[in-house]
$ cat run-v8.cif   # mmCIF, C-alpha atoms
data_work
#
loop_
_atom_site.label_atom_id
_atom_site.label_comp_id
_atom_site.auth_asym_id
_atom_site.auth_seq_id
_atom_site.Cartn_x
_atom_site.Cartn_y
_atom_site.Cartn_z
CA ARG A 24 0.00 0.00 0.00
CA LYS A 25 1.31 3.47 -0.87
CA GLN A 26 2.18 5.50 2.20
CA ALA A 27 1.84 9.25 2.54
CA CYS A 28 5.06 11.22 2.99
CA PRO A 29 5.27 12.70 6.52
CA ALA A 30 4.72 16.22 5.22
CA ARG A 31 4.14 17.58 8.73
CA TYR A 32 7.90 17.32 9.21
CA LEU A 33 8.61 19.25 6.02
CA LEU A 34 6.79 22.45 6.96
CA GLY A 35 7.79 25.41 9.05
CA THR A 36 10.64 25.40 11.56
CA PRO A 37 10.54 22.53 14.08
CA ALA A 38 11.06 23.78 17.62
CA THR A 39 12.84 20.87 19.30
CA LYS A 40 15.94 18.86 18.43
CA SER A 41 13.81 15.74 18.16
CA GLN A 42 11.56 17.44 15.61
CA GLN A 43 14.62 18.71 13.70
CA VAL A 44 16.03 15.18 13.46
CA LYS A 45 12.66 13.92 12.19
CA ALA A 46 12.48 16.81 9.72
CA ARG A 47 15.89 16.04 8.22
CA ALA A 48 14.99 12.38 8.04
CA ALA A 49 11.79 13.31 6.24
CA VAL A 50 13.73 15.31 3.64
CA ASP A 51 15.96 12.28 3.01
CA LEU A 52 12.89 10.06 2.92
CA LEU A 53 11.26 12.18 0.22
CA GLY A 54 13.43 10.74 -2.54
CA ARG A 55 12.67 7.17 -1.47
CA TRP A 56 9.00 8.04 -1.06
CA ASN A 57 8.85 9.48 -4.60
CA SER A 58 10.45 6.30 -5.95
CA MET A 59 8.09 4.09 -3.97
CA ASN A 60 5.11 5.92 -5.44
CA GLY A 61 6.33 5.57 -9.00
CA PHE A 62 7.66 9.13 -9.24
CA SER A 63 9.90 9.85 -12.19
CA ALA A 64 10.94 12.97 -14.05
CA ILE A 65 9.03 13.97 -17.17
CA ARG A 66 10.21 15.59 -20.39
CA MET A 67 9.14 19.22 -20.20
CA ALA A 68 7.55 20.75 -23.30
CA ARG A 69 9.42 23.86 -24.39
CA GLN A 70 9.71 26.88 -26.64
CA ILE A 71 13.07 28.57 -27.23
CA VAL A 72 13.40 32.32 -27.72
CA GLY A 73 16.69 33.82 -28.88
CA ARG A 74 19.68 31.86 -30.14
CA PRO A 75 19.23 28.07 -30.09
CA LYS A 76 22.86 27.73 -29.02
CA ALA A 77 24.04 30.60 -26.86
CA LYS A 78 26.65 31.46 -24.26
CA HIS A 79 24.02 32.14 -21.60
CA ASN A 80 20.92 30.01 -21.08
CA ILE A 81 17.86 31.17 -19.14
CA VAL A 82 15.26 28.56 -18.18
CA MET A 83 11.92 30.19 -17.33
CA LEU A 84 9.35 28.42 -15.15
CA HIS A 85 5.75 29.62 -15.04
CA GLY A 86 3.35 29.79 -12.13
CA LEU A 87 0.44 27.61 -11.04
CA LEU A 88 -2.27 27.29 -13.72
CA SER A 89 -0.11 29.02 -16.30
CA SER A 90 2.17 27.71 -19.06
CA LYS A 91 5.02 28.73 -21.33
CA ARG A 92 2.47 30.77 -23.28
CA GLY A 93 1.60 32.70 -20.14
CA TRP A 94 4.80 34.75 -20.33
CA GLY A 95 3.39 36.58 -23.35
CA GLY A 96 5.89 39.03 -24.83
CA PHE A 97 8.01 39.23 -21.66
CA PRO A 98 10.88 36.98 -22.90
CA THR A 99 11.19 38.91 -26.16
CA ARG A 100 11.10 42.18 -24.24
CA LEU A 101 13.87 40.94 -21.97
CA LEU A 102 16.06 39.95 -24.91
CA LYS A 103 15.55 43.32 -26.56
CA ALA A 104 16.47 45.11 -23.33
CA LEU A 105 19.64 43.03 -23.02
CA GLY A 106 20.54 43.96 -26.59
CA ASP A 107 19.81 47.65 -25.97
CA ALA A 108 21.95 47.61 -22.82
CA THR A 109 24.98 46.01 -24.48
CA GLY A 110 24.61 47.54 -27.93
CA GLU A 111 24.87 44.16 -29.62
CA GLU A 112 22.81 41.06 -30.27
CA PRO A 113 22.39 39.33 -26.90
CA ASP A 114 24.09 35.95 -26.69
CA PHE A 115 21.17 34.44 -24.76
CA SER A 116 18.85 31.50 -25.22
CA ILE A 117 15.58 31.60 -23.24
CA HIS A 118 13.95 28.22 -22.65
CA LEU A 119 10.25 28.55 -21.85
CA VAL A 120 9.16 25.23 -20.37
CA ASP A 121 5.82 23.79 -19.27
CA CYS A 122 5.85 22.34 -15.78
CA ARG A 123 4.31 18.92 -15.24
CA ASN A 124 0.49 18.86 -15.27
CA HIS A 125 0.48 22.16 -17.20
CA GLY A 126 0.54 23.24 -20.84
CA ASP A 127 1.88 20.65 -23.26
CA SER A 128 3.86 18.66 -20.67
CA ASP A 129 2.76 15.27 -19.40
CA HIS A 130 0.09 14.80 -16.77
CA THR A 131 1.21 12.81 -13.74
CA SER A 132 -0.42 11.42 -10.61
CA PHE A 133 1.53 13.69 -8.28
CA HIS A 134 2.57 17.36 -8.14
CA SER A 135 5.04 19.15 -5.89
CA LEU A 136 7.92 21.60 -5.99
CA GLN A 137 10.33 18.69 -5.54
CA ALA A 138 8.87 16.93 -8.57
CA VAL A 139 9.17 20.08 -10.72
CA ALA A 140 12.77 20.56 -9.54
CA GLU A 141 13.62 17.01 -10.63
CA ASP A 142 11.97 17.67 -13.99
CA VAL A 143 14.20 20.74 -14.34
CA LYS A 144 17.28 18.64 -13.59
CA HIS A 145 16.23 16.14 -16.25
CA TYR A 146 15.71 19.01 -18.74
CA LEU A 147 19.11 20.56 -18.02
CA VAL A 148 20.94 17.24 -18.34
CA GLU A 149 19.06 16.19 -21.47
CA ASN A 150 19.74 19.52 -23.19
CA GLU A 151 23.31 19.82 -21.89
CA LEU A 152 22.67 23.15 -20.22
CA SER A 153 25.45 23.76 -17.74
CA SER A 154 25.46 26.80 -15.43
CA PRO A 155 21.93 27.93 -16.39
CA ILE A 156 20.13 30.99 -15.10
CA LEU A 157 16.86 29.83 -13.56
CA MET A 158 13.99 32.31 -13.63
CA GLY A 159 10.48 31.66 -12.41
CA HIS A 160 7.25 33.33 -11.38
CA SER A 161 5.32 32.23 -8.28
CA MET A 162 5.32 28.40 -8.30
CA GLY A 163 8.04 28.49 -10.95
CA GLY A 164 10.10 30.87 -8.82
CA LYS A 165 9.85 28.56 -5.81
CA ALA A 166 10.79 25.55 -7.96
CA ALA A 167 13.82 27.45 -9.30
CA LEU A 168 14.86 28.36 -5.75
CA LEU A 169 14.37 24.79 -4.56
CA TYR A 170 16.49 23.46 -7.41
CA ALA A 171 19.23 25.92 -6.45
CA THR A 172 19.15 24.80 -2.81
CA LEU A 173 19.23 21.16 -3.90
CA TYR A 174 21.98 21.37 -6.51
CA GLY A 175 23.96 24.49 -5.62
CA THR A 176 26.03 26.81 -7.79
CA GLU A 177 28.12 26.16 -10.86
CA HIS A 178 31.25 26.37 -8.66
CA GLY A 179 29.97 24.24 -5.79
CA PRO A 180 27.27 21.79 -6.90
CA TYR A 181 25.66 19.74 -4.14
CA GLY A 182 24.35 16.75 -6.05
CA ASP A 183 24.25 15.12 -9.47
CA GLY A 184 22.37 17.96 -11.17
CA PRO A 185 24.01 20.92 -12.95
CA GLY A 186 24.75 23.82 -10.61
CA VAL A 187 23.11 27.15 -11.46
CA ARG A 188 24.75 30.44 -12.39
CA SER A 189 22.05 32.58 -10.79
CA VAL A 190 18.35 32.63 -9.89
CA VAL A 191 15.66 35.23 -10.58
CA ALA A 192 12.45 34.79 -8.56
CA LEU A 193 9.46 36.89 -9.56
CA ASP A 194 7.17 37.45 -6.57
CA ALA A 195 8.19 34.20 -4.91
CA ALA A 196 9.89 33.32 -1.62
CA PRO A 197 11.49 30.09 -0.32
CA CYS A 198 9.04 29.43 2.51
CA VAL A 199 5.58 28.10 3.35
CA TYR A 200 2.65 30.20 2.12
CA ASP A 201 -0.63 30.54 3.98
CA THR A 202 -2.81 30.59 0.89
CA ASN A 203 -4.83 28.42 -1.47
CA HIS A 204 -6.83 28.70 -4.68
CA LYS A 205 -9.54 26.19 -3.90
CA TYR A 206 -12.25 28.54 -5.13
CA ILE A 207 -10.58 28.70 -8.55
CA PHE A 208 -10.22 24.94 -8.88
CA ASP A 209 -13.83 24.47 -7.70
CA ALA A 210 -15.06 26.97 -10.28
CA MET A 211 -13.13 25.36 -13.14
CA GLN A 212 -14.19 21.83 -12.27
CA SER A 213 -17.85 22.80 -11.77
CA ILE A 214 -18.32 23.59 -15.45
CA ASP A 215 -19.69 20.84 -17.70
CA LEU A 216 -17.53 21.40 -20.78
CA ASP A 217 -19.53 18.88 -22.81
CA THR A 218 -22.39 21.37 -22.95
CA ILE A 219 -20.26 24.43 -23.71
CA ARG A 220 -20.65 26.06 -27.13
CA SER A 221 -18.47 29.15 -26.71
CA ARG A 222 -15.78 30.67 -24.50
CA ALA A 223 -18.24 33.37 -23.53
CA GLU A 224 -20.39 30.71 -21.84
CA VAL A 225 -17.44 29.53 -19.76
CA ASP A 226 -16.60 33.09 -18.77
CA GLN A 227 -20.21 33.70 -17.73
CA GLN A 228 -20.33 30.56 -15.58
CA LEU A 229 -17.00 31.39 -13.91
CA LYS A 230 -18.18 34.88 -13.02
CA ALA A 231 -20.24 33.69 -10.05
CA GLN A 232 -17.18 32.29 -8.22
CA ILE A 233 -14.45 34.41 -9.85
CA PRO A 234 -15.86 37.95 -10.07
CA TYR A 235 -12.68 39.72 -11.20
CA ALA A 236 -12.31 39.87 -14.99
CA ALA A 237 -8.49 39.78 -14.93
CA GLU A 238 -8.52 36.65 -12.78
CA ARG A 239 -11.04 34.97 -15.09
CA ALA A 240 -8.90 35.86 -18.10
CA TYR A 241 -5.95 34.13 -16.42
CA VAL A 242 -8.08 31.03 -15.85
CA MET A 243 -9.56 31.13 -19.36
CA ALA A 244 -6.06 30.96 -20.85
CA ASN A 245 -6.14 27.30 -19.82
CA LEU A 246 -9.18 26.52 -22.02
CA ARG A 247 -8.59 25.03 -25.45
CA THR A 248 -10.59 23.32 -28.16
CA ASP A 249 -9.48 19.89 -29.36
CA ALA A 250 -9.65 18.44 -32.88
CA ASP A 251 -13.32 17.54 -32.37
CA LYS A 252 -14.07 21.15 -31.38
CA LYS A 253 -14.73 20.15 -27.78
CA ALA A 254 -13.60 22.46 -25.02
CA LYS A 255 -11.16 21.11 -22.44
CA TRP A 256 -8.99 22.36 -19.63
CA ILE A 257 -5.31 21.89 -20.38
CA PRO A 258 -3.98 21.56 -16.80
CA ASN A 259 -4.42 18.36 -14.79
CA LEU A 260 -7.05 19.94 -12.52
CA PRO A 261 -7.81 16.96 -10.22
CA VAL A 262 -4.14 16.45 -9.30
CA LEU A 263 -3.33 20.17 -9.02
CA ALA A 264 -6.38 20.80 -6.83
CA ARG A 265 -5.45 17.89 -4.56
CA ASP A 266 -1.72 18.69 -4.39
CA GLU A 267 -1.83 22.49 -4.37
CA ARG A 268 -0.65 22.47 -0.75
CA HIS A 269 2.68 21.00 -1.95
CA VAL A 270 3.18 24.05 -4.16
CA HIS A 271 2.78 26.38 -1.18
CA ASP A 272 5.00 24.25 1.10
CA TRP A 273 8.75 24.42 1.52
CA PRO A 274 10.90 21.47 2.68
CA PHE A 275 12.56 22.06 6.01
CA GLY A 276 16.28 21.36 6.13
CA SER A 277 17.08 22.97 2.77
CA LYS A 278 20.71 23.96 2.30
CA PRO A 279 21.37 27.64 1.57
CA TYR A 280 22.01 28.62 -2.03
CA HIS A 281 25.20 30.68 -2.04
CA GLY A 282 24.96 31.93 -5.59
CA PRO A 283 23.53 35.29 -6.70
CA ALA A 284 19.76 35.63 -6.59
CA LEU A 285 17.40 38.43 -7.55
CA PHE A 286 13.91 38.70 -6.05
CA VAL A 287 11.43 41.03 -7.77
CA GLY A 288 8.26 41.56 -5.75
CA GLY A 289 5.04 43.48 -6.23
CA ASN A 290 4.39 46.06 -3.53
CA LEU A 291 0.70 45.09 -3.50
CA SER A 292 1.46 41.37 -3.14
CA THR A 293 2.13 39.50 0.11
CA ARG A 294 4.95 37.35 -1.25
CA LEU A 295 7.88 39.70 -0.57
CA THR A 296 6.24 42.24 1.74
CA ASN A 297 5.90 39.68 4.55
CA GLU A 298 8.76 39.82 7.09
CA ARG A 299 8.67 36.04 7.61
CA HIS A 300 9.12 35.54 3.87
CA LEU A 301 11.96 38.05 3.73
CA LYS A 302 13.71 36.32 6.63
CA ALA A 303 13.55 33.07 4.65
CA VAL A 304 15.07 34.86 1.65
CA ARG A 305 17.96 36.18 3.72
CA THR A 306 18.54 32.77 5.34
CA LEU A 307 18.40 30.54 2.26
CA CYS A 308 19.78 33.03 -0.28
CA PRO A 309 22.43 35.07 1.59
CA ARG A 310 23.67 36.66 -1.66
CA SER A 311 20.25 37.91 -2.66
CA THR A 312 18.98 41.28 -3.80
CA VAL A 313 15.31 42.14 -3.24
CA VAL A 314 13.67 44.89 -5.29
CA MET A 315 10.05 45.99 -5.35
CA VAL A 316 7.96 47.28 -8.25
CA GLN A 317 4.54 48.86 -8.40
CA GLY A 318 1.82 46.25 -8.77
CA GLY A 319 0.51 42.95 -7.56
CA HIS A 320 1.55 39.33 -7.99
CA PHE A 321 2.08 39.34 -11.76
CA VAL A 322 5.06 41.68 -11.85
CA HIS A 323 6.12 40.52 -15.32
CA HIS A 324 2.85 41.85 -16.71
CA ALA A 325 1.76 44.71 -14.41
CA ALA A 326 5.25 46.20 -14.15
CA ALA A 327 7.02 44.60 -17.09
CA GLU A 328 9.26 47.57 -17.89
CA ASP A 329 10.60 47.96 -14.34
CA THR A 330 10.93 44.20 -13.89
CA VAL A 331 12.94 43.86 -17.09
CA GLU A 332 15.15 46.79 -16.07
CA HIS A 333 15.96 45.16 -12.72
CA ILE A 334 16.72 41.82 -14.38
CA VAL A 335 18.99 43.43 -16.99
CA ASP A 336 20.90 45.30 -14.25
CA PHE A 337 21.29 42.08 -12.29
CA LEU A 338 22.42 39.97 -15.26
CA ALA A 339 24.78 42.67 -16.53
CA LEU A 340 26.46 42.70 -13.14
CA GLU A 341 26.60 38.94 -12.61
CA LEU A 342 27.58 37.96 -16.14
CA ARG A 343 30.07 40.81 -16.58
CA LEU A 344 28.18 42.07 -19.63
CA ARG A 345 29.74 45.11 -21.28
CA ARG A 346 27.15 47.85 -21.37
CA LYS A 347 27.32 50.37 -24.18
CA ASP A 348 26.71 53.25 -21.74
CA ASP A 349 29.46 52.09 -19.34
CA PRO A 350 32.49 54.46 -19.33
CA PHE A 351 34.73 51.57 -18.20
CA ARG A 352 34.72 48.96 -20.94
CA GLU A 353 37.34 46.62 -19.48
CA GLU A 354 36.30 43.20 -18.20
CA HIS A 355 35.85 44.22 -14.54
CA SER A 356 34.09 47.53 -15.10
CA PHE A 357 32.27 49.44 -12.41
CA LYS A 358 28.50 49.10 -12.31
CA ARG A 359 26.01 51.39 -10.59
CA MET A 360 22.91 49.69 -9.20
CA LYS A 361 19.82 51.70 -8.32
CA GLY A 362 20.29 53.45 -5.00
CA GLN A 363 23.81 52.07 -4.49
CA SER A 364 27.34 53.37 -4.87
CA PRO A 365 29.51 52.00 -7.68
CA VAL A 366 30.93 48.63 -6.64
CA PHE A 367 32.91 45.80 -8.15
CA PRO A 368 30.78 42.78 -9.10
CA SER A 369 32.48 40.57 -6.52
CA GLU A 370 31.68 43.02 -3.74
CA VAL A 371 28.08 43.87 -4.42
CA TYR A 372 26.68 41.31 -1.95
CA ALA A 373 29.40 41.67 0.69
CA ASP A 374 27.21 43.45 3.23
CA MET A 375 23.92 41.62 2.50
#

$ encode --input "run-v8.cif" --output "structure tokens"
Amino acid sequence: RKQACPARYLLGTPATKSQQVKARAAVDLLGRWNSMNGFSAIRMARQIVGRPKAKHNIVMLHGLLSSKRGWGGFPTRLLKALGDATGEEPDFSIHLVDCRNHGDSDHTSFHSLQAVAEDVKHYLVENELSSPILMGHSMGGKAALLYATLYGTEHGPYGDGPGVRSVVALDAAPCVYDTNHKYIFDAMQSIDLDTIRSRAEVDQQLKAQIPYAAERAYVMANLRTDADKKAKWIPNLPVLARDERHVHDWPFGSKPYHGPALFVGGNLSTRLTNERHLKAVRTLCPRSTVVMVQGGHFVHHAAAEDTVEHIVDFLALELRLRRKDDPFREEHSFKRMKGQSPVFPSEVYADM
């Protein structure tokens, strides 16, 4: 009989030494538990923007109930901004991937951050992407952070997965969230798609439980029509609804990620305005920079220009990119970050 993983030992911060021992044992047990339950990595569906073969590779992970299509024009905008900053064609490849149970990737019987992180490892190994930059929004941001804590940096990898060059988390923090989207899953699963004749009908039925038009539009992006012209939801709703709590969890006992990390939060969102969340950021990502933009949870849409600007500044600093407006064009040029004095790249995180 399949046994449930002792998730109570994976959440929060255990108070006693006995609980800490059990928590660490539970983290070790997770791999064996996944194997026992038939867990295996999937091949993630993808779309590549930029050069197919490039010096720098960015792997972008979407949020819950989104997909690689959900990024919209953000990846292209980011590439253009990188080109504008350096004055040359950016030597970047952006891999937009669908997480398991979303988009065009396989549906599975289980969903968690750990499972997505293992899928990412499989993708990196299969595509020979060493020292990638992991970027993610919400669930994707947490999965990117978890991968970094599991497998470390390019210079000090922890396990058998490729270490990461840097991480960019968009409105995500490496901790447990006190939230759920049960009302959204209930609304989506309450609709009898066999009787639906138009998208307008679906929107009208969702309105009773999801009154905000922007939120309904986000949900409606998951509705497609198959070859027989029948409407269907693309995500694996039963599994995601059941396992959503695993997306909002965070495994206790995670090792710190000592590489560079950028956190971009919305000032109207709770993800990076919560002191408990920020403490987790400082603890697990000691070389992190946190910046805030105007808007809510979807910073890459509501504040796309500012978000792109922060990412370009971060990547230019970490990757030693030569900016066309930089008066010092040598390899180790000075760089001025917003609100900071000019510093050398190796010193920018010294006091953080």

$ resolve_selection --input "run-v8.cif" --expression "the PyMOL selection byres ((chain A and resi 306) around 12)" --output "tab-separated table (two decimals) with C-alpha atoms, in the coordinates of the input"
chain	number	residue	atom	x	y	z
A	172	THR	CA	19.15	24.80	-2.81
A	196	ALA	CA	9.89	33.32	-1.62
A	197	PRO	CA	11.49	30.09	-0.32
A	198	CYS	CA	9.04	29.43	2.51
A	276	GLY	CA	16.28	21.36	6.13
A	277	SER	CA	17.08	22.97	2.77
A	278	LYS	CA	20.71	23.96	2.30
A	279	PRO	CA	21.37	27.64	1.57
A	280	TYR	CA	22.01	28.62	-2.03
A	281	HIS	CA	25.20	30.68	-2.04
A	299	ARG	CA	8.67	36.04	7.61
A	300	HIS	CA	9.12	35.54	3.87
A	301	LEU	CA	11.96	38.05	3.73
A	302	LYS	CA	13.71	36.32	6.63
A	303	ALA	CA	13.55	33.07	4.65
A	304	VAL	CA	15.07	34.86	1.65
A	305	ARG	CA	17.96	36.18	3.72
A	307	LEU	CA	18.40	30.54	2.26
A	308	CYS	CA	19.78	33.03	-0.28
A	309	PRO	CA	22.43	35.07	1.59
A	310	ARG	CA	23.67	36.66	-1.66
A	311	SER	CA	20.25	37.91	-2.66
A	375	MET	CA	23.92	41.62	2.50

$ closest_residue --input "run-v8.cif" --among "A:Thr131, A:Pro258, A:Gly126, A:Met83" --to "Tyr146 of chain A" --atoms "only C-alpha atoms"
A:Met83

$ residues_around --input "run-v8.cif" --residues "Ala166 of chain A" --least-positions-apart "2" --cutoff "8 Å" --atoms "all atoms listed in the file" --output "mmCIF file with C-alpha atoms, keeping the file's coordinate frame"
data_model
loop_
_atom_site.group_PDB
_atom_site.id
_atom_site.type_symbol
_atom_site.label_atom_id
_atom_site.label_comp_id
_atom_site.auth_asym_id
_atom_site.auth_seq_id
_atom_site.Cartn_x
_atom_site.Cartn_y
_atom_site.Cartn_z
ATOM 1 C CA LEU A 84 9.350 28.420 -15.150
ATOM 2 C CA LEU A 136 7.920 21.600 -5.990
ATOM 3 C CA GLN A 137 10.330 18.690 -5.540
ATOM 4 C CA VAL A 139 9.170 20.080 -10.720
ATOM 5 C CA ALA A 140 12.770 20.560 -9.540
ATOM 6 C CA GLY A 159 10.480 31.660 -12.410
ATOM 7 C CA MET A 162 5.320 28.400 -8.300
ATOM 8 C CA GLY A 163 8.040 28.490 -10.950
ATOM 9 C CA GLY A 164 10.100 30.870 -8.820
ATOM 10 C CA LEU A 168 14.860 28.360 -5.750
ATOM 11 C CA LEU A 169 14.370 24.790 -4.560
ATOM 12 C CA TYR A 170 16.490 23.460 -7.410
#

$ resolve_selection --input "run-v8.cif" --expression "the PyMOL selection byres ((chain A and resi 294) around 12)" --output "MDAnalysis selection string"
chainID A and resid 160:162 164:165 192:202 271 286:293 295:304 313 315 319:322

$ atom_distance --input "run-v8.cif" --atom1 "atom CA of Asp272 of chain A" --atom2 "atom CA of Val148 of chain A"
26.1 Å

$ residues_around --input "run-v8.cif" --residues "Asp215 of chain A" --least-positions-apart "6" --cutoff "10 Å" --atoms "only C-alpha atoms" --output "VMD selection string"
chain A and resid 225 228 254 to 255

$ closest_residue --input "run-v8.cif" --among "A:His125, A:Lys103, A:His134, A:Arg220" --to "Arg69 of chain A" --atoms "all atoms listed in the file"
A:His125

$ atom_distance --input "run-v8.cif" --atom1 "atom CA of Glu112 of chain A" --atom2 "atom CA of Val190 of chain A"
22.5 Å

$ closest_residue --input "run-v8.cif" --among "A:Ala210, A:Leu216, A:Ala284, A:Ala325" --to "Glu341 of chain A" --atoms "only C-alpha atoms"
A:Ala284

$ atom_distance --input "run-v8.cif" --atom1 "atom CA of Asp217 of chain A" --atom2 "atom CA of Ala250 of chain A"
14.1 Å
